[in-house]
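Down below is the structure, laid out as structure tokens.
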Amino acid sequence: SPGFAYRDGELHVEDVPLSAIAAEAGTPAYVYSTAELRANWRAYADAFDLDGPGGRDVAVCYALKANSNLAVIRTLTALGAGADVVSVGEMQRALVAGIPADRIVFSGVGKTRDELAAALKAGIHQINVESLPELDLLSAVASGLGLVAPVALRVNPDVDAQTHGKIATGRKEDKFGIDWSQAGAAFARAAALPGLRPLGVAIHIGSQLLKTSPFALAFAKVAELVTDLRAHGIGIERIDLGGGVGVPYREEDIGPDHRAYAQVVRETVGHLGCHITLEPGRSLVASAGVLLSRVVHVKEGLHRRFLVLDAAMNDLIRPSLYDAWHTILPVRQPARGAPLSAMDVVGPVCESGDTFAKGRRLPPMQAGDLVAILTAGAYGAVMASTYNSRPLVPEVLVAGGERAVVRRRPTLEELLAMESVPAWLPPPGS
Ligand code: LLP
């Protein structure tokens with residue numbers, strides 16, 4: 001990969017040894033590679049001919065939820081990305097990072113009145129509406145502002161994405177989108193309400209899809225719906241196909257490659273002449289990030305061997321939440337033929353779920369050694385919390401030999417400064 005490789009006996013991010021980052025920023029820290037971000041962008045750009053004539057009608061709106069660091073957004077938008085946002089906070093980040101409002105799509109199942117108003121005032125490209133009550137609310141808000149909302153209706157195609165249950169979103173029992181059987185009525189309602197311009201169909205069936213077949217099923221259903229709506233006089237001009245392809249977290253994961261995915265898009269909806277929006281998150285950023293951590297203890301229990309890290313579930317929750325596999329590499333390159341032994345890689349948080357890996361085969365490790373938890377650029381830093389009063393960890397962006405702390409580590413004082421003890425409680429020492 002262009003981002004991370006062993007060189008001179010040590011894991012580097014581009015031209016920078018990870019030990020240098022640990023010395024400069026401390027551990028734990030997220031470290032991102034610009035080269036890897038570019039390569040991930042290029043995969044979409046090539047598959048969809050984004051820089052050529054074929055790409056004129058395709059917009060890649062990066063799903064900020066995967067990694068919303070301003071420097072990461074800036075890197076992707078400099079390459080051509082728009083944004084998919086799910087809160088007014090994400091919209092603000094997109095705008096601050098320099099993404100024009102007319103390249104921003106607003107998704108989400110529970111957008112509030114204030115959020116809808118902010119999006120309309122900013123002049124964003126599209127609001128993806130997920131329910132009839134939201135349609136009514138948006139109509140009222142837009143009419144009140146004297147504006148017309150560009151609307152796509154997110155429909156639920158009832159397709160199983162064949163991914164982890166917590167990140168499958170397109171089955172009929174999931175909370176997302178308008179029920180397939182109600183889609184026609186919802187579009188009719190949107191066309192009748194004031195302040196709305198219904199012009200698109202949106203779907204998102206789930207994340208971390210490693211097969212193209214669920215995409216193909218869902219996109220074909222969308223094509224049918226668009227044809228049907230047009231026959232009823234509703235002029236659909238845009239299709240939003242939701243998140244991108246899955247990524248290989250381990251060697252045996254072979255994802256749908258971008259070209260196969262683009263092929264499915266062309267074959268299913270290409271003939272409709274619609275503008276296509278894609279909302280990839282994970283596949284643009286996952287491989288571009290590692291969580292760099294230091295071994296606090298090697299604990300030889302009677303039954304298990306534990307590698308206790310200074311990173312924890314609050315910094316990277318994916319293994320705890322989804323039983324996700326993340327490859328863990330020692331930063332110092334192991335000697336050829338070094339014996340591997342099974343270890344449980346854990347954090348210091350007071351829960352057994354604070355486990356990055358169970359029985360992971362690793363070379364001999366000592367306290368003070370550095371490890372890199374790979375493929376952590378997506379849904380890593382953004383899902384972190386301060387559980388156990390552990391401050392959020394810094395984020396470092398590397399480009400060649402250059403590196404910059406793009407989010408600093410807050411101090412403990414800052415962590416406490418948001419809280420106050422009311423005067424009516426007994427003072428300390430009483
Ligand atoms: N569009 C919508 C409407 C979404 O809900 C999502 C992700 C995306 C786009 C981006 O999908 P992607 O290209 O990243 O697959 N925290 C979980 C993933 C949650 C995904 C939620 N929605 C994880 O760590 O696996």
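In the structure tokens, each chain is lettered A, B, ... as it comes, each chain's residues begin at 1, and ligands are numbered from 1 in order of appearance.
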
Give one line per residue of chain A that approaches ligand 1 to at most 6 Å, naming the two atoms of the closest pair and their distance in Å to one decimal, counting only C-alpha atoms and all ligand atoms; sort by chain then ascending residue number and deliver it as CSV.
residue,atom,partner,partner_atom_place_in_ligand_line,distance
A:Ala63,CA,ligand 1,10 (C),5.2
A:Ala66,CA,ligand 1,14 (O),5.9
A:Ser107,CA,ligand 1,3 (C),5.6
A:Ile167,CA,ligand 1,19 (C),5.4
A:His204,CA,ligand 1,3 (C),5.4
A:Ser207,CA,ligand 1,15 (O),3.5
A:Gln208,CA,ligand 1,15 (O),5.2
A:Gly242,CA,ligand 1,1 (N),4.4
A:Gly243,CA,ligand 1,13 (O),3.5
A:Gly244,CA,ligand 1,13 (O),3.7
A:Glu279,CA,ligand 1,9 (C),4.6
A:Pro280,CA,ligand 1,13 (O),3.5
A:Gly281,CA,ligand 1,14 (O),3.6
A:Arg282,CA,ligand 1,14 (O),3.7
A:Ser283,CA,ligand 1,13 (O),6.0
A:Arg318,CA,ligand 1,24 (O),5.4
A:Tyr379,CA,ligand 1,24 (O),4.6

Assign secondary structure with DSSP using the backbone only, and return the residues of segment 255-348 of chain A in helix (DSSP H, G or I) as a tab-separated table (two decimals) with C-alpha atoms, in the first residue's frame.
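Below you can see out_25.tsv, which holds the result:
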chain	number	residue	atom	x	y	z
A	258	HIS	CA	-14.59	-0.38	-7.54
A	259	ARG	CA	-14.78	-1.36	-11.20
A	260	ALA	CA	-17.22	-4.17	-10.51
A	261	TYR	CA	-19.28	-1.79	-8.41
A	262	ALA	CA	-19.25	0.89	-11.15
A	263	GLN	CA	-20.28	-1.78	-13.63
A	264	VAL	CA	-23.28	-2.66	-11.47
A	265	VAL	CA	-24.24	1.02	-11.28
A	266	ARG	CA	-24.05	1.42	-15.05
A	267	GLU	CA	-25.95	-1.77	-15.75
A	268	THR	CA	-28.79	-1.09	-13.32
A	269	VAL	CA	-29.43	2.66	-13.49
A	270	GLY	CA	-27.20	3.89	-16.33
A	271	HIS	CA	-30.01	3.94	-18.90
A	272	LEU	CA	-32.17	6.38	-16.91
A	282	ARG	CA	-15.29	3.80	4.75
A	283	SER	CA	-13.63	2.94	1.43
A	284	LEU	CA	-12.15	6.44	1.13
A	285	VAL	CA	-10.56	6.57	4.58
A	286	ALA	CA	-10.35	3.18	6.34
A	287	SER	CA	-7.03	2.05	4.89
A	288	ALA	CA	-5.58	5.56	5.33
A	318	ARG	CA	-15.27	-1.28	16.34
A	319	PRO	CA	-13.89	-4.54	17.84
A	320	SER	CA	-16.11	-4.17	20.94
A	321	LEU	CA	-19.21	-3.07	19.05
A	322	TYR	CA	-19.11	-5.21	15.91

Residues near Asn314 of chain A, cut-off 6 Å, only C-alpha atoms, skip fewer than 6 positions along chain, as a VMD selection string: chain A and resid 384 to 385 387

Segment 124-138 of chain A surroundings by only C-alpha atoms, 8 Å radius, close-in-sequence under 6 positions cut, as a PyMOL selection string: chain A and resi 101-111+113+116+149-155+176-178+186+190+193+195-196+202

I need the residues from that last selection saved to file as a short mmCIF file (atom, residue, chain, number, x, y, z; two decimals), in the first residue's frame (with N, CA and C atoms), if you can.
data_model
loop_
_atom_site.label_atom_id
_atom_site.label_comp_id
_atom_site.auth_asym_id
_atom_site.auth_seq_id
_atom_site.Cartn_x
_atom_site.Cartn_y
_atom_site.Cartn_z
N ALA A 101 -21.83 24.54 -0.63
CA ALA A 101 -23.13 24.00 -0.21
C ALA A 101 -23.79 23.20 -1.32
N ASP A 102 -23.58 23.63 -2.57
CA ASP A 102 -24.28 22.92 -3.65
C ASP A 102 -23.63 21.58 -3.99
N ARG A 103 -22.64 21.17 -3.17
CA ARG A 103 -22.08 19.82 -3.33
C ARG A 103 -22.31 19.00 -2.06
N ILE A 104 -23.27 19.44 -1.24
CA ILE A 104 -23.54 18.75 0.02
C ILE A 104 -24.94 18.14 0.01
N VAL A 105 -25.00 16.87 0.41
CA VAL A 105 -26.25 16.15 0.55
C VAL A 105 -26.48 15.92 2.04
N PHE A 106 -27.73 16.06 2.50
CA PHE A 106 -28.04 15.91 3.93
C PHE A 106 -28.90 14.66 4.10
N SER A 107 -28.36 13.65 4.78
CA SER A 107 -29.07 12.40 5.04
C SER A 107 -29.39 12.29 6.53
N GLY A 108 -30.17 11.29 6.88
CA GLY A 108 -30.40 11.02 8.29
C GLY A 108 -31.86 10.88 8.63
N VAL A 109 -32.14 10.02 9.59
CA VAL A 109 -33.52 9.62 9.86
C VAL A 109 -34.23 10.59 10.82
N GLY A 110 -33.48 11.46 11.47
CA GLY A 110 -34.10 12.32 12.48
C GLY A 110 -33.66 13.76 12.41
N LYS A 111 -33.64 14.33 11.24
CA LYS A 111 -33.22 15.73 11.12
C LYS A 111 -34.25 16.63 11.81
N ARG A 113 -36.10 20.37 12.97
CA ARG A 113 -36.55 21.60 12.32
C ARG A 113 -35.37 22.56 12.11
N LEU A 116 -32.99 21.29 9.40
CA LEU A 116 -33.55 21.46 8.05
C LEU A 116 -33.46 22.93 7.63
N ALA A 149 -37.21 23.34 -1.25
CA ALA A 149 -36.22 22.33 -0.87
C ALA A 149 -36.03 21.30 -1.98
N PRO A 150 -34.78 21.11 -2.44
CA PRO A 150 -34.51 20.02 -3.38
C PRO A 150 -34.53 18.69 -2.62
N VAL A 151 -35.47 17.82 -2.95
CA VAL A 151 -35.72 16.64 -2.13
C VAL A 151 -35.49 15.34 -2.89
N ALA A 152 -34.76 14.44 -2.24
CA ALA A 152 -34.77 13.04 -2.67
C ALA A 152 -35.47 12.27 -1.56
N LEU A 153 -36.28 11.31 -1.93
CA LEU A 153 -36.90 10.48 -0.91
C LEU A 153 -36.07 9.21 -0.77
N ARG A 154 -35.67 8.94 0.47
CA ARG A 154 -34.95 7.70 0.71
C ARG A 154 -35.96 6.59 0.92
N VAL A 155 -35.87 5.59 0.06
CA VAL A 155 -36.79 4.47 0.14
C VAL A 155 -36.06 3.26 0.70
N PHE A 176 -34.70 2.77 8.56
CA PHE A 176 -34.33 3.73 7.53
C PHE A 176 -35.27 3.72 6.33
N GLY A 177 -35.50 4.89 5.77
CA GLY A 177 -36.19 4.99 4.49
C GLY A 177 -37.68 4.77 4.59
N ILE A 178 -38.34 5.10 3.50
CA ILE A 178 -39.79 4.95 3.41
C ILE A 178 -40.09 3.55 2.87
N ALA A 186 -45.75 8.48 -1.20
CA ALA A 186 -44.89 9.51 -0.60
C ALA A 186 -44.44 10.52 -1.65
N ALA A 190 -45.17 14.45 -1.80
CA ALA A 190 -44.09 15.44 -1.93
C ALA A 190 -44.39 16.40 -3.07
N LEU A 193 -47.15 18.94 -1.85
CA LEU A 193 -46.87 19.86 -0.74
C LEU A 193 -46.13 21.11 -1.23
N GLY A 195 -43.30 24.11 -1.13
CA GLY A 195 -41.93 24.26 -0.63
C GLY A 195 -41.03 23.09 -0.92
N LEU A 196 -41.50 22.12 -1.70
CA LEU A 196 -40.68 20.94 -1.98
C LEU A 196 -40.52 20.76 -3.49
N ALA A 202 -33.37 8.10 -3.26
CA ALA A 202 -32.15 7.75 -2.53
C ALA A 202 -32.31 6.41 -1.83
#

Go through segment 66-127 of chain A residue by residue and, counting only C-alpha atoms, keep those with an atom at most 12 Å from segment 393-405 of chain A; for each kept residue give the shortest atom pair and its distance in Å to one decimal, ordered by chain and increasing number, as JSON lines.
{"residue": "A:Asn67", "atom": "CA", "partner": "A:Glu395", "partner_atom": "CA", "distance": 10.8}
{"residue": "A:Ser68", "atom": "CA", "partner": "A:Glu395", "partner_atom": "CA", "distance": 11.2}
{"residue": "A:Asn69", "atom": "CA", "partner": "A:Glu395", "partner_atom": "CA", "distance": 8.3}
{"residue": "A:Leu70", "atom": "CA", "partner": "A:Glu395", "partner_atom": "CA", "distance": 10.7}
{"residue": "A:Ala71", "atom": "CA", "partner": "A:Leu397", "partner_atom": "CA", "distance": 7.6}
{"residue": "A:Val72", "atom": "CA", "partner": "A:Leu397", "partner_atom": "CA", "distance": 8.0}
{"residue": "A:Ile73", "atom": "CA", "partner": "A:Leu397", "partner_atom": "CA", "distance": 11.6}
{"residue": "A:Arg74", "atom": "CA", "partner": "A:Leu397", "partner_atom": "CA", "distance": 11.5}
{"residue": "A:Thr75", "atom": "CA", "partner": "A:Leu397", "partner_atom": "CA", "distance": 10.0}

Polymer residues at most 6 Å from segment 9-15 of chain A, only C-alpha atoms, same-chain spacing of 5 or more positions, as a PyMOL selection string: chain A and resi 3-4+331-333+400-401

Distance query segment 211-227 of chain A at most 7 Å, only C-alpha atoms, self and fewer than 2 positions along chain excluded, as a VMD selection string: chain A and resid 157 159 to 161 209 229 to 231 236 255 to 256 261 264 268 to 269

Can you write out the residues you just picked, keeping C-alpha atoms, as a short mmCIF file (atom, residue, chain, number, x, y, z; two decimals), in the first residue's frame?
data_model
loop_
_atom_site.label_atom_id
_atom_site.label_comp_id
_atom_site.auth_asym_id
_atom_site.auth_seq_id
_atom_site.Cartn_x
_atom_site.Cartn_y
_atom_site.Cartn_z
CA PRO A 157 -35.79 -1.51 -0.84
CA VAL A 159 -32.67 -5.94 0.51
CA ASP A 160 -30.32 -7.78 2.86
CA ALA A 161 -26.85 -6.27 2.46
CA LEU A 209 -20.59 -4.87 1.72
CA LEU A 229 -42.64 7.46 -10.96
CA ARG A 230 -41.88 9.02 -14.32
CA ALA A 231 -44.88 7.22 -15.80
CA ILE A 236 -36.97 12.05 -11.22
CA GLY A 255 -14.16 -6.72 -1.37
CA PRO A 256 -16.18 -5.85 -4.44
CA TYR A 261 -19.28 -1.79 -8.41
CA VAL A 264 -23.28 -2.66 -11.47
CA THR A 268 -28.79 -1.09 -13.32
CA VAL A 269 -29.43 2.66 -13.49
#
